[in-house]
Amino acid sequence: MSERSEWLARPPREPLAKRLKVVAWILTAAVLVLVGLMRRPELRIPLPDGWSFAFLPPVHAVLNTLVAVALVVALAAIRKGRVRLHQGAMMSAMCLSVAFLLCYVAYHFTTPETLYGDVDGDGILSESEIAGAGSMRSVYLALLLSHIVMAGVSLPCILMTFIAAWTNRFAAHRRLARWVFPLWLFVAVTGPLCYLMLRPYY
C-alpha cells in the first residue's frame with residue numbers, strides 16, 4: 001500500500017472536527033480583535049528602559065518567507081504522494097505563522113507604527129512627505145491593503161483546512177486547499193514585499 005493510500009484509508013473523526021471548528025472560530029475572533037486593537041496609541045504597552053522591539057520587522061519578513069517556502073514544499077510533496085513530508089511542511093508553516101503572529105502583535109502593541117514616506121520618523125506625514133513618496137506610496141498602500149484583507153479572510157479558512165486534514169476528512173481538505181493555498185501563499189509573499197518597501201522608513 002502506498003503512503004497516500006495508507007493515509008486515505010484512515011476513518012474520518014467527525015466529532016473531533018466539530019469541536020475543533022468551534023475552537024477555530026474563537027481563535028479567529030480573538031486574533032481579529034487583537035489586530036484591530038493593537039494600532040490604537042492609547043493601548044500601547046510601554047517597554048522597560050533599554051528595551052526595544054525595533055528588531056522585529058525583519059524577523060516578520062523572514063518568518064513569512066519561510067512560510068512561503070514551507071507551502072511550496074508541501075504542495076510539491078503532496079503532488080508526489082509524499083504525505084508525511086507534506087504533513088511536516090504544513091506543520092512547519094502553521095508553527096511559523098503562529099510565531100509571526102506573536103511577534104507581530106508584540107511589535108505593534110509596543111512600538112509606534114512606521115508609515116511609508118515618513119522621512120522624519122515621527123509617525124505623522126506632512127504634505128511634502130506624501131508628495132515626495134510619489135506614486136510608490138499608492139502601490140505600497142494597495143499591496144498592504146490586499147495583504148491585510150487576504151490575511152483576515154484566509155485565517156479561518158486555513159484553520160478549517162488544517163482541521164479537515166487533522167481529522168482525516170480528506171475530501172473536504174482537498175476541496176478547501178485548492179483555493180486556500182493560493183490565498184495563504186499570497187499573504188506569505190506580500191508580507192516580505194511590504195517590509196522591503198517600508199524598510200527605508202524604519
# chains A, B, ... in the order shown; residues from 1 in each chain; ligands from 1

$ select_by_dssp --residues "chain A" --states "alpha helix (DSSP H)" --output "ChimeraX atom specification"
/A:3-8,14-37,56-79,83-110,127-133,135-166,170-198

$ residues_around --residues "segment 156-170 of chain A" --least-positions-apart "2" --cutoff "8 Å" --atoms "only C-alpha atoms" --output "number ranges by chain"
A: 8, 10-14, 16-17, 20-21, 24-25, 28, 152-154, 172-174, 176-177, 180, 184

$ atom_distance --atom1 "atom CA of Cys103 of chain A" --atom2 "atom CA of Val23 of chain A"
21.8 Å

$ atom_distance --atom1 "atom CA of Arg39 of chain A" --atom2 "atom CA of Phe109 of chain A"
6.8 Å

$ closest_residue --among "A:Arg175, A:His147, A:Arg44, A:Arg199" --to "Val187 of chain A" --atoms "only C-alpha atoms"
A:His147

$ residues_around --residues "Leu143 of chain A" --least-positions-apart "6" --cutoff "9 Å" --atoms "only C-alpha atoms" --output "list in words"
Thr190, Gly191, Leu193 and Cys194 of chain A

$ write_last_selection --atoms "N, CA, C and O atoms" --output "compact mmCIF listing (two decimals), in the first residue's frame"
# COMPACT_ATOMS: atom_id res chain seq x y z
N THR A 190 3.41 38.56 0.03
CA THR A 190 3.24 40.02 0.07
C THR A 190 3.72 40.62 1.39
O THR A 190 4.09 41.80 1.42
N GLY A 191 3.77 39.84 2.45
CA GLY A 191 4.30 40.34 3.72
C GLY A 191 5.74 40.83 3.59
O GLY A 191 6.04 41.99 3.91
N LEU A 193 7.31 41.58 0.87
CA LEU A 193 7.35 42.68 -0.10
C LEU A 193 6.98 44.01 0.56
O LEU A 193 7.62 45.03 0.31
N CYS A 194 5.96 43.99 1.42
CA CYS A 194 5.58 45.20 2.16
C CYS A 194 6.74 45.66 3.05
O CYS A 194 7.04 46.86 3.13

$ residues_around --residues "Ser97 of chain A" --least-positions-apart "2" --cutoff "9 Å" --atoms "only C-alpha atoms" --output "PyMOL selection string"
chain A and resi 63-64+67+92-95+99-102+188

$ closest_residue --among "A:Ile45, A:Leu27, A:Leu185, A:Ala171" --to "Ala106 of chain A" --atoms "only C-alpha atoms"
A:Ile45

$ closest_residue --among "A:Arg19, A:Pro200, A:Arg79, A:Val105" --to "Val33 of chain A" --atoms "only C-alpha atoms"
A:Val105

$ closest_residue --among "A:Leu37, A:Leu141, A:Leu196, A:Leu85" --to "Ala61 of chain A" --atoms "only C-alpha atoms"
A:Leu196

$ closest_residue --among "A:Ala54, A:Leu183, A:Ala68, A:Leu34" --to "Thr110 of chain A" --atoms "only C-alpha atoms"
A:Ala54

$ closest_residue --among "A:Arg137, A:Arg178, A:His108, A:Arg4" --to "Ser52 of chain A" --atoms "only C-alpha atoms"
A:His108

$ decode --residues "segment 6-54 of chain A" --atoms "N, CA and C atoms" --output "mmCIF file, in the first residue's frame"
data_model
loop_
_atom_site.group_PDB
_atom_site.id
_atom_site.type_symbol
_atom_site.label_atom_id
_atom_site.label_comp_id
_atom_site.auth_asym_id
_atom_site.auth_seq_id
_atom_site.Cartn_x
_atom_site.Cartn_y
_atom_site.Cartn_z
ATOM 1 N N GLU A 6 -2.411 4.535 2.241
ATOM 2 C CA GLU A 6 -2.459 4.231 3.680
ATOM 3 C C GLU A 6 -3.106 5.385 4.443
ATOM 4 N N TRP A 7 -2.769 6.620 4.064
ATOM 5 C CA TRP A 7 -3.305 7.790 4.747
ATOM 6 C C TRP A 7 -4.799 7.951 4.472
ATOM 7 N N LEU A 8 -5.182 7.782 3.206
ATOM 8 C CA LEU A 8 -6.584 7.969 2.823
ATOM 9 C C LEU A 8 -7.496 6.903 3.414
ATOM 10 N N ALA A 9 -6.930 5.781 3.843
ATOM 11 C CA ALA A 9 -7.734 4.707 4.430
ATOM 12 C C ALA A 9 -8.148 5.013 5.869
ATOM 13 N N ARG A 10 -7.591 6.053 6.451
ATOM 14 C CA ARG A 10 -7.931 6.380 7.837
ATOM 15 C C ARG A 10 -9.362 6.908 7.928
ATOM 16 N N PRO A 11 -10.111 6.462 8.938
ATOM 17 C CA PRO A 11 -11.512 6.895 9.061
ATOM 18 C C PRO A 11 -11.610 8.352 9.534
ATOM 19 N N PRO A 12 -12.585 9.106 9.037
ATOM 20 C CA PRO A 12 -12.759 10.498 9.481
ATOM 21 C C PRO A 12 -13.180 10.565 10.945
ATOM 22 N N ARG A 13 -12.778 11.620 11.612
ATOM 23 C CA ARG A 13 -13.122 11.820 13.029
ATOM 24 C C ARG A 13 -14.040 13.044 13.129
ATOM 25 N N GLU A 14 -15.286 12.841 12.796
ATOM 26 C CA GLU A 14 -16.251 13.934 12.707
ATOM 27 C C GLU A 14 -16.496 14.651 14.046
ATOM 28 N N PRO A 15 -16.696 13.911 15.158
ATOM 29 C CA PRO A 15 -16.931 14.620 16.436
ATOM 30 C C PRO A 15 -15.785 15.560 16.803
ATOM 31 N N LEU A 16 -14.539 15.095 16.598
ATOM 32 C CA LEU A 16 -13.383 15.934 16.882
ATOM 33 C C LEU A 16 -13.372 17.158 15.961
ATOM 34 N N ALA A 17 -13.728 16.950 14.704
ATOM 35 C CA ALA A 17 -13.754 18.058 13.737
ATOM 36 C C ALA A 17 -14.731 19.136 14.185
ATOM 37 N N LYS A 18 -15.893 18.749 14.681
ATOM 38 C CA LYS A 18 -16.890 19.726 15.128
ATOM 39 C C LYS A 18 -16.382 20.542 16.305
ATOM 40 N N ARG A 19 -15.703 19.886 17.244
ATOM 41 C CA ARG A 19 -15.163 20.613 18.403
ATOM 42 C C ARG A 19 -14.055 21.572 17.980
ATOM 43 N N LEU A 20 -13.189 21.106 17.082
ATOM 44 C CA LEU A 20 -12.076 21.935 16.643
ATOM 45 C C LEU A 20 -12.548 23.142 15.827
ATOM 46 N N LYS A 21 -13.642 22.991 15.104
ATOM 47 C CA LYS A 21 -14.177 24.122 14.337
ATOM 48 C C LYS A 21 -14.612 25.252 15.265
ATOM 49 N N VAL A 22 -15.205 24.888 16.391
ATOM 50 C CA VAL A 22 -15.605 25.904 17.377
ATOM 51 C C VAL A 22 -14.373 26.633 17.895
ATOM 52 N N VAL A 23 -13.327 25.868 18.214
ATOM 53 C CA VAL A 23 -12.077 26.461 18.688
ATOM 54 C C VAL A 23 -11.497 27.388 17.619
ATOM 55 N N ALA A 24 -11.560 26.958 16.358
ATOM 56 C CA ALA A 24 -11.011 27.761 15.257
ATOM 57 C C ALA A 24 -11.710 29.100 15.139
ATOM 58 N N TRP A 25 -13.033 29.111 15.267
ATOM 59 C CA TRP A 25 -13.774 30.376 15.168
ATOM 60 C C TRP A 25 -13.483 31.281 16.356
ATOM 61 N N ILE A 26 -13.305 30.706 17.540
ATOM 62 C CA ILE A 26 -12.945 31.509 18.723
ATOM 63 C C ILE A 26 -11.563 32.131 18.534
ATOM 64 N N LEU A 27 -10.604 31.324 18.047
ATOM 65 C CA LEU A 27 -9.262 31.833 17.796
ATOM 66 C C LEU A 27 -9.273 32.940 16.747
ATOM 67 N N THR A 28 -10.051 32.732 15.686
ATOM 68 C CA THR A 28 -10.147 33.737 14.624
ATOM 69 C C THR A 28 -10.673 35.051 15.179
ATOM 70 N N ALA A 29 -11.740 34.981 15.969
ATOM 71 C CA ALA A 29 -12.314 36.195 16.553
ATOM 72 C C ALA A 29 -11.301 36.887 17.464
ATOM 73 N N ALA A 30 -10.585 36.116 18.277
ATOM 74 C CA ALA A 30 -9.601 36.692 19.198
ATOM 75 C C ALA A 30 -8.473 37.387 18.439
ATOM 76 N N VAL A 31 -7.988 36.754 17.378
ATOM 77 C CA VAL A 31 -6.900 37.341 16.589
ATOM 78 C C VAL A 31 -7.356 38.622 15.909
ATOM 79 N N LEU A 32 -8.551 38.607 15.320
ATOM 80 C CA LEU A 32 -9.049 39.795 14.630
ATOM 81 C C LEU A 32 -9.268 40.956 15.592
ATOM 82 N N VAL A 33 -9.740 40.658 16.801
ATOM 83 C CA VAL A 33 -9.906 41.712 17.808
ATOM 84 C C VAL A 33 -8.543 42.284 18.205
ATOM 85 N N LEU A 34 -7.561 41.412 18.423
ATOM 86 C CA LEU A 34 -6.207 41.869 18.773
ATOM 87 C C LEU A 34 -5.628 42.764 17.685
ATOM 88 N N VAL A 35 -5.757 42.322 16.437
ATOM 89 C CA VAL A 35 -5.220 43.100 15.320
ATOM 90 C C VAL A 35 -5.936 44.448 15.216
ATOM 91 N N GLY A 36 -7.227 44.454 15.505
ATOM 92 C CA GLY A 36 -7.972 45.707 15.469
ATOM 93 C C GLY A 36 -7.565 46.671 16.570
ATOM 94 N N LEU A 37 -7.134 46.134 17.714
ATOM 95 C CA LEU A 37 -6.793 46.982 18.864
ATOM 96 C C LEU A 37 -5.339 47.427 18.902
ATOM 97 N N MET A 38 -4.461 46.663 18.281
ATOM 98 C CA MET A 38 -3.038 46.866 18.534
ATOM 99 C C MET A 38 -2.475 48.167 17.972
ATOM 100 N N ARG A 39 -3.163 48.798 17.036
ATOM 101 C CA ARG A 39 -2.651 50.053 16.481
ATOM 102 C C ARG A 39 -3.233 51.285 17.180
ATOM 103 N N ARG A 40 -4.008 51.085 18.230
ATOM 104 C CA ARG A 40 -4.560 52.230 18.961
ATOM 105 C C ARG A 40 -3.516 52.742 19.943
ATOM 106 N N PRO A 41 -3.083 54.005 19.779
ATOM 107 C CA PRO A 41 -1.997 54.544 20.621
ATOM 108 C C PRO A 41 -2.284 54.455 22.112
ATOM 109 N N GLU A 42 -3.560 54.614 22.511
ATOM 110 C CA GLU A 42 -3.871 54.599 23.942
ATOM 111 C C GLU A 42 -3.714 53.212 24.565
ATOM 112 N N LEU A 43 -3.637 52.192 23.720
ATOM 113 C CA LEU A 43 -3.476 50.825 24.229
ATOM 114 C C LEU A 43 -2.023 50.347 24.150
ATOM 115 N N ARG A 44 -1.127 51.224 23.708
ATOM 116 C CA ARG A 44 0.264 50.825 23.557
ATOM 117 C C ARG A 44 0.868 50.477 24.923
ATOM 118 N N ILE A 45 1.613 49.397 24.957
ATOM 119 C CA ILE A 45 2.232 48.909 26.191
ATOM 120 C C ILE A 45 3.664 49.431 26.263
ATOM 121 N N PRO A 46 3.995 50.223 27.282
ATOM 122 C CA PRO A 46 5.374 50.744 27.387
ATOM 123 C C PRO A 46 6.351 49.638 27.761
ATOM 124 N N LEU A 47 7.497 49.664 27.109
ATOM 125 C CA LEU A 47 8.546 48.690 27.409
ATOM 126 C C LEU A 47 9.486 49.256 28.473
ATOM 127 N N PRO A 48 10.129 48.394 29.245
ATOM 128 C CA PRO A 48 11.113 48.882 30.234
ATOM 129 C C PRO A 48 12.236 49.653 29.539
ATOM 130 N N ASP A 49 12.881 50.541 30.269
ATOM 131 C CA ASP A 49 14.001 51.315 29.727
ATOM 132 C C ASP A 49 15.065 50.391 29.155
ATOM 133 N N GLY A 50 15.507 50.735 27.975
ATOM 134 C CA GLY A 50 16.544 49.936 27.323
ATOM 135 C C GLY A 50 16.008 48.807 26.473
ATOM 136 N N TRP A 51 14.705 48.568 26.537
ATOM 137 C CA TRP A 51 14.085 47.517 25.729
ATOM 138 C C TRP A 51 13.558 48.112 24.436
ATOM 139 N N SER A 52 13.629 47.330 23.377
ATOM 140 C CA SER A 52 13.078 47.759 22.094
ATOM 141 C C SER A 52 12.757 46.530 21.246
ATOM 142 N N PHE A 53 11.629 46.596 20.571
ATOM 143 C CA PHE A 53 11.262 45.537 19.624
ATOM 144 C C PHE A 53 11.478 45.991 18.182
ATOM 145 N N ALA A 54 12.357 46.987 18.000
ATOM 146 C CA ALA A 54 12.619 47.523 16.661
ATOM 147 C C ALA A 54 13.258 46.486 15.740
#
